[in-house]
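Asks: Got a structure for you, written out below as structure tokens; questions coming shortly.
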Amino acid sequence: MTQLVLEQALNGLQFGLMLFLLAAGLTLVFGIMDCINLAHGSLYMVGAYFVAAAAQAADSFWLGLGAGIAGTAVLGLLLELSLFRQLYRRDHLSQVLATFALILIANESVRLIWGPAPLLLNPPAALSGPVEIAGFFYPAYRLVIIGVGLVVAALLYLLVAKSRVGMWVRAGASNREMTEALGINVRGLFTAVFVFGAALCALAGGLLGPLLAVQVGMGESVLILAFVVIIIGGIGSIRGALVGALIVGTVDTLGRALLPTLLRATLPADAAATLGPALASILIYLLMAAILFFKPQGLFPARA
Amino acid sequence: MSIRLTALAAALMLAGSVHAADKIKVGFVSTLSGPGAGLGVDIRDGFNLGIQHLGGKLGGLPADVLVADDQQNPDIAKQASDKLLKRDKVDFMTGIVFSNIMLAVGPAVFQNQTFYISANAGPSQYAGEQCNPFFFNVAWQNDNLHEAVGKVVQDKGFKNVMIVTPNYPGGKDAVSGFKRFYKGKTEEMYTKLGQLDYAAELAQIRAAKPDALFFFLPGGMGINFVKQFVAAGLSRDTQLFAPGFSADEDVIKAVGDPMMGMFNSSHWAHDMDNAENKRFVADFQKAYGRLPSLYASQGYDAALMMDAAVRDVKGNVADKKALQKALEAKRFKSVRGDFKFNSNHYPIQNYYLRVIGKDAQGRVTNKTMGTIFTNHADAYAAQCKMK
């Protein structure tokens, strides 16, 4: 049982860190620019496709990952310059409509270019097996994802909390007008943050590609979770995104594994199996509702 | 006047039913996009190869195949098939992959008195009480391949088996089929349909320590499950078993080496030694650049079956009774070898054990090990009272 809990905790950490990569970009764009970007999930999908296509062309996962991230960052730059700049001053409804249109365009474009069947993305051969930790085997590739996630989280923390650029970002998130009045080039900052968010999306998409499937529509389901994360964590806060992502990842994974086991003791197998995952996914939203009730600004509000 | 007109119309209709049709229209509705697309594409390619081998004809008449994508959505499938039935007035329907879609489309097809030759979906409903003279399944009944695995697992003496399957009607059929022939201890785990990350399930499997694992996860679900199962190191202690659906060329191509050593059941295999199969496998590879899967073989057989029946009735497909008799007679040579139709229009046939390994050319692929069932019928035929 302890082994099951430990393994699930690792799975939860891995899931949470990947959610964090997505939520970090989303929370900054939403928090600083006050722009709702529903197409954030599409950047994740396009990033995964870029990584898969580049990895197949270069016959190397890591080269593909690098090229895919760079490609998605360039795409993010073009999107920001052409479309999002026009959206910042519009109201939220225009932003939702425009970015929803982007989702549809992205899905159909991907279908046109790569076809309806999922793309194959394999992890590097050296990482495809299991490694032994604390008396049980755990997939090496998932450990690498945890490692990369932790490193990126630490770098992001240093960047946002300790560097001058990070100070501007935080200042922009808490009071945009005042930051502009102090002579910061907020326009350039917005572009940089958006491009950075797109690159993080591609990193998450590329890392998760071998575990899940690189397919059309993969961005939508994960986008909902990313929004839950930033609402729990507090919009505009990197620290909030990290804590929120870890909470959501752990609650979802532990709930999915432990609830059926507990329910199986009392209920028939198929009822327990139906009820378990349903309850586990409700748990996340219950948590979000509770946090909205007690702390409407989230756990770590940026505009405190 | 009106009476005369009616009489004239009736006479024309009668005349039409006596004369042979000038071409044979086939409505092909299948899942050609989304995660289940690989299955539909294989059936389509197999069917088209069949038509090609027949010189673009069915029973000597030019074949006109109208293809539509159901997007794995029963509503879209229903719209597409209604159009094919009412506007295009097709002579045969085929192609559907998933049983829930078959059950949604079936009533309208039968109402229209159009013959449906299923190249995949074999729901228990149409094998039992709701069996229909206009429904034929050229592949198998859903439970059959699961029953065959259950028999193998039982005979090999496994005692503690975990079953992983999606929580939907097809998954529950798989469990009941498996348990019809496996009598030991089981633990069932139901996942969400379309789930891709199995970390939570794999942790539970590790904790439960079963000696064998039977999974039925069609399409992309199975690809991810096997990859993650092997990456988690579970393949060292637990033997994997699956029906042929979860272990055919579409899955092997995506997963590769980790599939090695997996046992599975099928009514057909690409290494079966008969002249029809050799020609089919060689030409399929030439045409599409990949090995055919069982789905492709079923599509191919569906084309041959229509051809033989149309030839039998000399192109007069309007005579439904004669066409039904001709279809039941099964006068074509299947790539799986000999089989015949049961009273419920489902096959009575052999089922084989296959294992995945490297062949002489170093490819990872299926190899036939032996026969599990000989002339096996489904469990529902007794409930069928064919009119």
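Chain labels follow the order of the structure tokens: the first chain is A, the next B, and so on; residue numbering restarts at 1 in every chain, and ligands are counted from 1 in their shown order.
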Show me, as CSV, the residues of chain B having an atom within 6 Å of chain A, each with the closest atom pair and its distance in Å, using only C-alpha atoms.
Replies:
```
residue,atom,partner,partner_atom,distance
B:Ser33,CA,A:Pro116,CA,5.2
B:Gly34,CA,A:Pro116,CA,5.8
B:Tyr190,CA,A:Ala273,CA,5.5
B:Leu196,CA,A:Leu212,CA,5.4
B:Ala200,CA,A:Ala257,CA,5.1
B:Ala203,CA,A:Leu4,CA,6.0
B:Ala231,CA,A:Gly129,CA,4.6
B:Ala232,CA,A:Pro139,CA,4.6
B:Gly233,CA,A:Pro130,CA,5.1
```
Asks: Would you mind exporting the chosen residues as a compact mmCIF listing (two decimals), in the first residue's frame, restricted to N, CA and C atoms?
Replies:
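Below you can see again_25.txt, which holds the result:
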```txt
# COMPACT_ATOMS: atom_id res chain seq x y z
N SER B 33 -11.70 9.19 -39.34
CA SER B 33 -10.92 10.25 -38.69
C SER B 33 -11.03 10.06 -37.18
N GLY B 34 -10.10 10.68 -36.43
CA GLY B 34 -10.10 10.53 -34.98
C GLY B 34 -9.26 9.34 -34.55
N TYR B 190 -12.02 -0.96 -14.94
CA TYR B 190 -12.64 -0.24 -16.05
C TYR B 190 -12.04 1.15 -16.16
N LEU B 196 -5.73 8.09 -22.15
CA LEU B 196 -4.40 7.93 -22.74
C LEU B 196 -3.30 7.74 -21.71
N ALA B 200 -2.09 5.70 -13.22
CA ALA B 200 -2.83 5.31 -12.02
C ALA B 200 -3.21 3.83 -12.07
N ALA B 203 -0.09 1.56 -11.50
CA ALA B 203 0.29 1.47 -10.09
C ALA B 203 -0.60 0.45 -9.37
N ALA B 231 7.21 0.29 -20.13
CA ALA B 231 8.09 1.31 -19.55
C ALA B 231 8.07 1.25 -18.03
N ALA B 232 6.96 0.79 -17.46
CA ALA B 232 6.86 0.71 -16.00
C ALA B 232 7.50 -0.57 -15.46
N GLY B 233 8.02 -1.42 -16.36
CA GLY B 233 8.70 -2.63 -15.93
C GLY B 233 7.76 -3.74 -15.50
```
Asks: Considering only C-alpha atoms, return as a list of chain:residue names whatever protein or nucleic-acid residues lie within 12 Å of Val281 of chain B, sequence-local ones (same chain, fewer than 6 positions apart) excluded.
Replies: B:Gly46, B:Leu49, B:Gly50, B:Trp268, B:Ala269, B:His270, B:Asp271, B:Met272, B:Asp273, B:Asn274, B:Ala275, B:Ala287, B:Tyr288, B:Gly289, B:Arg290, B:Leu291, B:Pro292, B:Ser293, B:Leu294, B:Ala296, B:Ser297, B:Tyr300, B:Val335, B:Arg336
Asks: Neighbouring residues of Phe227 of chain A were defined as those with any atom within 10 Å, considering only C-alpha atoms; residues of the same chain fewer than 6 positions away were excluded. Please report them as a list in words.
Replies: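 Here the answer would be Leu19, Leu22, Ala23, Leu26, Thr27, Leu38, Gly233, Ile235 and Ala241 of chain A.
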Asks: Next, dump the selected residues to file, keeping only N, CA, C and O atoms, as a PDB file, in the first residue's frame.
Replies:
```pdb
ATOM      1  N   LEU A  19       1.309  20.273 -15.840  1.00  0.00           N
ATOM      2  CA  LEU A  19       0.236  21.268 -15.766  1.00  0.00           C
ATOM      3  C   LEU A  19       0.817  22.644 -15.470  1.00  0.00           C
ATOM      4  O   LEU A  19       0.353  23.659 -15.988  1.00  0.00           O
ATOM      5  N   LEU A  22       2.040  24.562 -18.464  1.00  0.00           N
ATOM      6  CA  LEU A  22       0.957  25.178 -19.231  1.00  0.00           C
ATOM      7  C   LEU A  22       0.363  26.363 -18.481  1.00  0.00           C
ATOM      8  O   LEU A  22       0.092  27.418 -19.062  1.00  0.00           O
ATOM      9  N   ALA A  23       0.168  26.163 -17.165  1.00  0.00           N
ATOM     10  CA  ALA A  23      -0.502  27.193 -16.379  1.00  0.00           C
ATOM     11  C   ALA A  23       0.373  28.432 -16.240  1.00  0.00           C
ATOM     12  O   ALA A  23      -0.143  29.548 -16.167  1.00  0.00           O
ATOM     13  N   LEU A  26      -0.178  30.676 -19.172  1.00  0.00           N
ATOM     14  CA  LEU A  26      -1.565  31.147 -19.165  1.00  0.00           C
ATOM     15  C   LEU A  26      -1.780  32.206 -18.098  1.00  0.00           C
ATOM     16  O   LEU A  26      -2.406  33.244 -18.341  1.00  0.00           O
ATOM     17  N   THR A  27      -1.238  31.968 -16.912  1.00  0.00           N
ATOM     18  CA  THR A  27      -1.463  32.886 -15.787  1.00  0.00           C
ATOM     19  C   THR A  27      -0.770  34.226 -16.045  1.00  0.00           C
ATOM     20  O   THR A  27      -1.290  35.279 -15.690  1.00  0.00           O
ATOM     21  N   LEU A  38      -7.890  31.428 -24.929  1.00  0.00           N
ATOM     22  CA  LEU A  38      -8.382  30.051 -25.011  1.00  0.00           C
ATOM     23  C   LEU A  38      -7.503  29.207 -25.932  1.00  0.00           C
ATOM     24  O   LEU A  38      -7.520  27.984 -25.877  1.00  0.00           O
ATOM     25  N   GLY A 233      -4.603  28.840  -7.924  1.00  0.00           N
ATOM     26  CA  GLY A 233      -3.350  29.475  -7.526  1.00  0.00           C
ATOM     27  C   GLY A 233      -3.441  30.988  -7.435  1.00  0.00           C
ATOM     28  O   GLY A 233      -2.655  31.612  -6.717  1.00  0.00           O
ATOM     29  N   ILE A 235      -4.717  34.315 -10.204  1.00  0.00           N
ATOM     30  CA  ILE A 235      -4.365  34.724 -11.563  1.00  0.00           C
ATOM     31  C   ILE A 235      -3.179  35.683 -11.555  1.00  0.00           C
ATOM     32  O   ILE A 235      -3.163  36.660 -10.799  1.00  0.00           O
ATOM     33  N   ALA A 241       0.594  29.312  -9.565  1.00  0.00           N
ATOM     34  CA  ALA A 241       0.459  28.314 -10.622  1.00  0.00           C
ATOM     35  C   ALA A 241       1.156  27.022 -10.232  1.00  0.00           C
ATOM     36  O   ALA A 241       0.631  25.931 -10.450  1.00  0.00           O
TER      37      ALA A 241
END
```
Asks: For Val193 of chain A, which of A:Val29, A:Leu292, A:Ala24, A:Ala173 is the closest residue, counting only C-alpha atoms?
Replies: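 Using only C-alpha atoms, the shortest distance to Val193 of chain A belongs to A:Val29.
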Asks: Near Leu150 of chain A, counting only C-alpha atoms, which residues have an atom at most 12 Å away, once you skip same-chain residues fewer than 6 positions from it, shown as a VMD selection string?
Replies: chain A and resid 13 to 18 20 to 21 143 to 144 156 to 157 242 246
Asks: Got a sec: who's within 7 Å of segment 312-314 of chain B, counting only C-alpha atoms, leaving out chain neighbours fewer than 4 positions off, as a list in words?
Replies: Ala20, Ala308, Ala322, Leu323 and Ala326 of chain B
Asks: If you keep all heavy atoms, can you produce a file of those selected residues as an mmCIF file, in the first residue's frame?
Replies:
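File produced: again_7.cif:
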```cif
data_model
loop_
_atom_site.group_PDB
_atom_site.id
_atom_site.type_symbol
_atom_site.label_atom_id
_atom_site.label_comp_id
_atom_site.auth_asym_id
_atom_site.auth_seq_id
_atom_site.Cartn_x
_atom_site.Cartn_y
_atom_site.Cartn_z
ATOM 1 N N ALA B 20 -31.574 -7.534 -64.649
ATOM 2 C CA ALA B 20 -30.428 -7.305 -63.771
ATOM 3 C C ALA B 20 -30.119 -5.811 -63.688
ATOM 4 O O ALA B 20 -30.407 -5.046 -64.606
ATOM 5 C CB ALA B 20 -29.210 -8.042 -64.318
ATOM 6 N N ALA B 308 -19.629 -12.767 -54.879
ATOM 7 C CA ALA B 308 -20.131 -14.125 -55.112
ATOM 8 C C ALA B 308 -21.653 -14.152 -55.119
ATOM 9 O O ALA B 308 -22.271 -14.830 -55.949
ATOM 10 C CB ALA B 308 -19.583 -15.056 -54.029
ATOM 11 N N ALA B 322 -33.730 -14.330 -52.961
ATOM 12 C CA ALA B 322 -32.685 -15.079 -53.661
ATOM 13 C C ALA B 322 -31.306 -14.572 -53.230
ATOM 14 O O ALA B 322 -30.370 -15.363 -53.027
ATOM 15 C CB ALA B 322 -32.855 -14.919 -55.169
ATOM 16 N N LEU B 323 -31.195 -13.242 -53.067
ATOM 17 C CA LEU B 323 -29.907 -12.663 -52.670
ATOM 18 C C LEU B 323 -29.517 -13.139 -51.274
ATOM 19 O O LEU B 323 -28.359 -13.476 -51.016
ATOM 20 C CB LEU B 323 -29.996 -11.133 -52.731
ATOM 21 C CG LEU B 323 -28.691 -10.385 -52.548
ATOM 22 C CD1 LEU B 323 -27.627 -10.865 -53.523
ATOM 23 C CD2 LEU B 323 -28.898 -8.878 -52.734
ATOM 24 N N ALA B 326 -28.247 -16.569 -51.515
ATOM 25 C CA ALA B 326 -26.916 -16.575 -52.126
ATOM 26 C C ALA B 326 -25.851 -16.148 -51.112
ATOM 27 O O ALA B 326 -24.755 -16.715 -51.066
ATOM 28 C CB ALA B 326 -26.895 -15.643 -53.330
#
```
Asks: Hey, what's within 12 Å of Asp34 of chain A if we count only C-alpha atoms and toss same-chain stuff fewer than 4 positions away? As a PDB file with N, CA and C atoms, in the first residue's frame, please?
Replies:
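See result.pdb below for the written result:
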```pdb
ATOM      1  N   LEU A  26      -0.178  30.676 -19.172  1.00  0.00           N
ATOM      2  CA  LEU A  26      -1.565  31.147 -19.165  1.00  0.00           C
ATOM      3  C   LEU A  26      -1.780  32.206 -18.098  1.00  0.00           C
ATOM      4  N   THR A  27      -1.238  31.968 -16.912  1.00  0.00           N
ATOM      5  CA  THR A  27      -1.463  32.886 -15.787  1.00  0.00           C
ATOM      6  C   THR A  27      -0.770  34.226 -16.045  1.00  0.00           C
ATOM      7  N   LEU A  28       0.396  34.199 -16.694  1.00  0.00           N
ATOM      8  CA  LEU A  28       1.096  35.458 -16.970  1.00  0.00           C
ATOM      9  C   LEU A  28       0.337  36.277 -18.015  1.00  0.00           C
ATOM     10  N   VAL A  29      -0.100  35.606 -19.088  1.00  0.00           N
ATOM     11  CA  VAL A  29      -0.836  36.315 -20.139  1.00  0.00           C
ATOM     12  C   VAL A  29      -2.139  36.887 -19.579  1.00  0.00           C
ATOM     13  N   PHE A  30      -2.821  36.054 -18.789  1.00  0.00           N
ATOM     14  CA  PHE A  30      -4.092  36.468 -18.202  1.00  0.00           C
ATOM     15  C   PHE A  30      -3.846  37.555 -17.147  1.00  0.00           C
ATOM     16  N   PHE A  84      -2.793  39.223 -31.169  1.00  0.00           N
ATOM     17  CA  PHE A  84      -3.059  39.507 -29.757  1.00  0.00           C
ATOM     18  C   PHE A  84      -2.903  40.975 -29.420  1.00  0.00           C
ATOM     19  N   ARG A  85      -1.962  41.664 -30.108  1.00  0.00           N
ATOM     20  CA  ARG A  85      -1.815  43.102 -29.890  1.00  0.00           C
ATOM     21  C   ARG A  85      -3.124  43.843 -30.057  1.00  0.00           C
ATOM     22  N   LEU A  87      -5.962  42.622 -29.460  1.00  0.00           N
ATOM     23  CA  LEU A  87      -6.990  42.118 -28.543  1.00  0.00           C
ATOM     24  C   LEU A  87      -6.876  42.670 -27.124  1.00  0.00           C
ATOM     25  N   TYR A  88      -5.666  43.123 -26.739  1.00  0.00           N
ATOM     26  CA  TYR A  88      -5.481  43.507 -25.340  1.00  0.00           C
ATOM     27  C   TYR A  88      -6.481  44.563 -24.900  1.00  0.00           C
ATOM     28  N   ARG A  89      -6.766  45.511 -25.802  1.00  0.00           N
ATOM     29  CA  ARG A  89      -7.637  46.617 -25.391  1.00  0.00           C
ATOM     30  C   ARG A  89      -9.117  46.277 -25.552  1.00  0.00           C
ATOM     31  N   ARG A  90      -9.409  45.177 -26.216  1.00  0.00           N
ATOM     32  CA  ARG A  90     -10.810  44.777 -26.378  1.00  0.00           C
ATOM     33  C   ARG A  90     -11.330  44.139 -25.085  1.00  0.00           C
ATOM     34  N   ASP A  91     -12.668  43.959 -25.021  1.00  0.00           N
ATOM     35  CA  ASP A  91     -13.212  43.328 -23.812  1.00  0.00           C
ATOM     36  C   ASP A  91     -13.029  41.808 -23.884  1.00  0.00           C
ATOM     37  N   HIS A  92     -13.356  41.144 -22.759  1.00  0.00           N
ATOM     38  CA  HIS A  92     -13.102  39.709 -22.656  1.00  0.00           C
ATOM     39  C   HIS A  92     -13.893  38.903 -23.676  1.00  0.00           C
ATOM     40  N   GLN A  95     -12.050  38.734 -26.868  1.00  0.00           N
ATOM     41  CA  GLN A  95     -10.876  37.866 -26.707  1.00  0.00           C
ATOM     42  C   GLN A  95     -11.288  36.391 -26.762  1.00  0.00           C
ATOM     43  N   VAL A  96     -12.378  36.061 -26.063  1.00  0.00           N
ATOM     44  CA  VAL A  96     -12.837  34.670 -26.046  1.00  0.00           C
ATOM     45  C   VAL A  96     -13.226  34.229 -27.457  1.00  0.00           C
ATOM     46  N   GLY A 172       4.017  44.515 -13.628  1.00  0.00           N
ATOM     47  CA  GLY A 172       2.973  44.580 -14.647  1.00  0.00           C
ATOM     48  C   GLY A 172       1.723  43.843 -14.213  1.00  0.00           C
ATOM     49  N   ALA A 173       1.918  42.693 -13.539  1.00  0.00           N
ATOM     50  CA  ALA A 173       0.776  41.907 -13.101  1.00  0.00           C
ATOM     51  C   ALA A 173      -0.008  42.631 -12.013  1.00  0.00           C
ATOM     52  N   SER A 174       0.693  43.336 -11.114  1.00  0.00           N
ATOM     53  CA  SER A 174      -0.046  43.938 -10.005  1.00  0.00           C
ATOM     54  C   SER A 174      -0.608  45.308 -10.372  1.00  0.00           C
ATOM     55  N   ASN A 175       0.103  46.093 -11.205  1.00  0.00           N
ATOM     56  CA  ASN A 175      -0.477  47.379 -11.618  1.00  0.00           C
ATOM     57  C   ASN A 175       0.130  47.821 -12.939  1.00  0.00           C
ATOM     58  N   ARG A 176      -0.636  47.604 -14.018  1.00  0.00           N
ATOM     59  CA  ARG A 176      -0.092  47.836 -15.348  1.00  0.00           C
ATOM     60  C   ARG A 176       0.174  49.315 -15.615  1.00  0.00           C
ATOM     61  N   PHE A 190       5.129  42.409 -22.973  1.00  0.00           N
ATOM     62  CA  PHE A 190       4.004  41.548 -23.330  1.00  0.00           C
ATOM     63  C   PHE A 190       4.436  40.517 -24.368  1.00  0.00           C
ATOM     64  N   ILE A 235      -4.717  34.315 -10.204  1.00  0.00           N
ATOM     65  CA  ILE A 235      -4.365  34.724 -11.563  1.00  0.00           C
ATOM     66  C   ILE A 235      -3.179  35.683 -11.555  1.00  0.00           C
ATOM     67  N   GLY A 236      -2.167  35.379 -12.369  1.00  0.00           N
ATOM     68  CA  GLY A 236      -1.007  36.249 -12.486  1.00  0.00           C
ATOM     69  C   GLY A 236       0.153  35.839 -11.605  1.00  0.00           C
TER      70      GLY A 236
END
```
Asks: Could you give me, as an MDAnalysis selection string, the residues within 10 Å of Phe100 of chain A, counting only C-alpha atoms and dropping anything in the same chain fewer than 3 positions from it?
Replies: chainID A and resid 37:39 42 94:97 103:106
Asks: What are the DSSP alpha helix (DSSP H) residues of segment 17-262 of chain A, as number ranges by chain?
Replies: A: 17-33, 40-58, 61-79, 85-87, 92-114, 140-162, 164-174, 176-181, 186-208, 218-233, 238-262
Asks: Between A:Ile232, A:Ala204, A:Leu75, A:Leu81, which has the minimum distance to Ile146 of chain A (counting only C-alpha atoms)?
Replies: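 Using only C-alpha atoms, the shortest distance to Ile146 of chain A belongs to A:Ala204.
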Asks: Could you check how far atom CA of Asp82 of chain B sits from atom CA of Asp64 of chain B, in Å to one decimal?
Replies: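 If I compute the distance from atom CA of Asp82 of chain B to atom CA of Asp64 of chain B, I get 17.3 Å.
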Asks: Go ahead and compute the interatomic distance for atom CA of Met259 of chain B and atom CA of Val153 of chain B, in Å to one decimal.
Replies: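 Distance reported for this atom pair: 17.9 Å.
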Asks: Apply DSSP to the structure's backbone, then extract all residues of segment 38-252 of chain A labelled strand (DSSP E or B) and return them as a list of chain:residue names.
Replies: A:Leu119, A:Pro130, A:Val131, A:Glu132, A:Ile133, A:Phe136, A:Phe137, A:Tyr138, A:Pro139, A:Val214
Asks: Those residues you just picked out, can you put them in a file as a CSV table (one decimal), in the first residue's frame with C-alpha atoms?
Replies:
```csv
chain,number,residue,atom,x,y,z
A,119,LEU,CA,1.6,11.2,-34.9
A,130,PRO,CA,12.1,1.2,-16.1
A,131,VAL,CA,14.6,2.1,-13.4
A,132,GLU,CA,14.5,0.8,-9.8
A,133,ILE,CA,13.9,3.2,-7.0
A,136,PHE,CA,10.1,-0.8,-7.2
A,137,PHE,CA,10.4,-0.1,-10.9
A,138,TYR,CA,9.4,3.3,-12.2
A,139,PRO,CA,9.4,4.4,-15.9
A,214,VAL,CA,0.1,13.7,-30.5
```
Asks: Work out how far atom CA of Ser237 of chain A is from atom CA of Leu223 of chain A, in Å to one decimal.
Replies: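 One can read the atom CA of Leu223 of chain A to atom CA of Ser237 of chain A distance as 17.4 Å.
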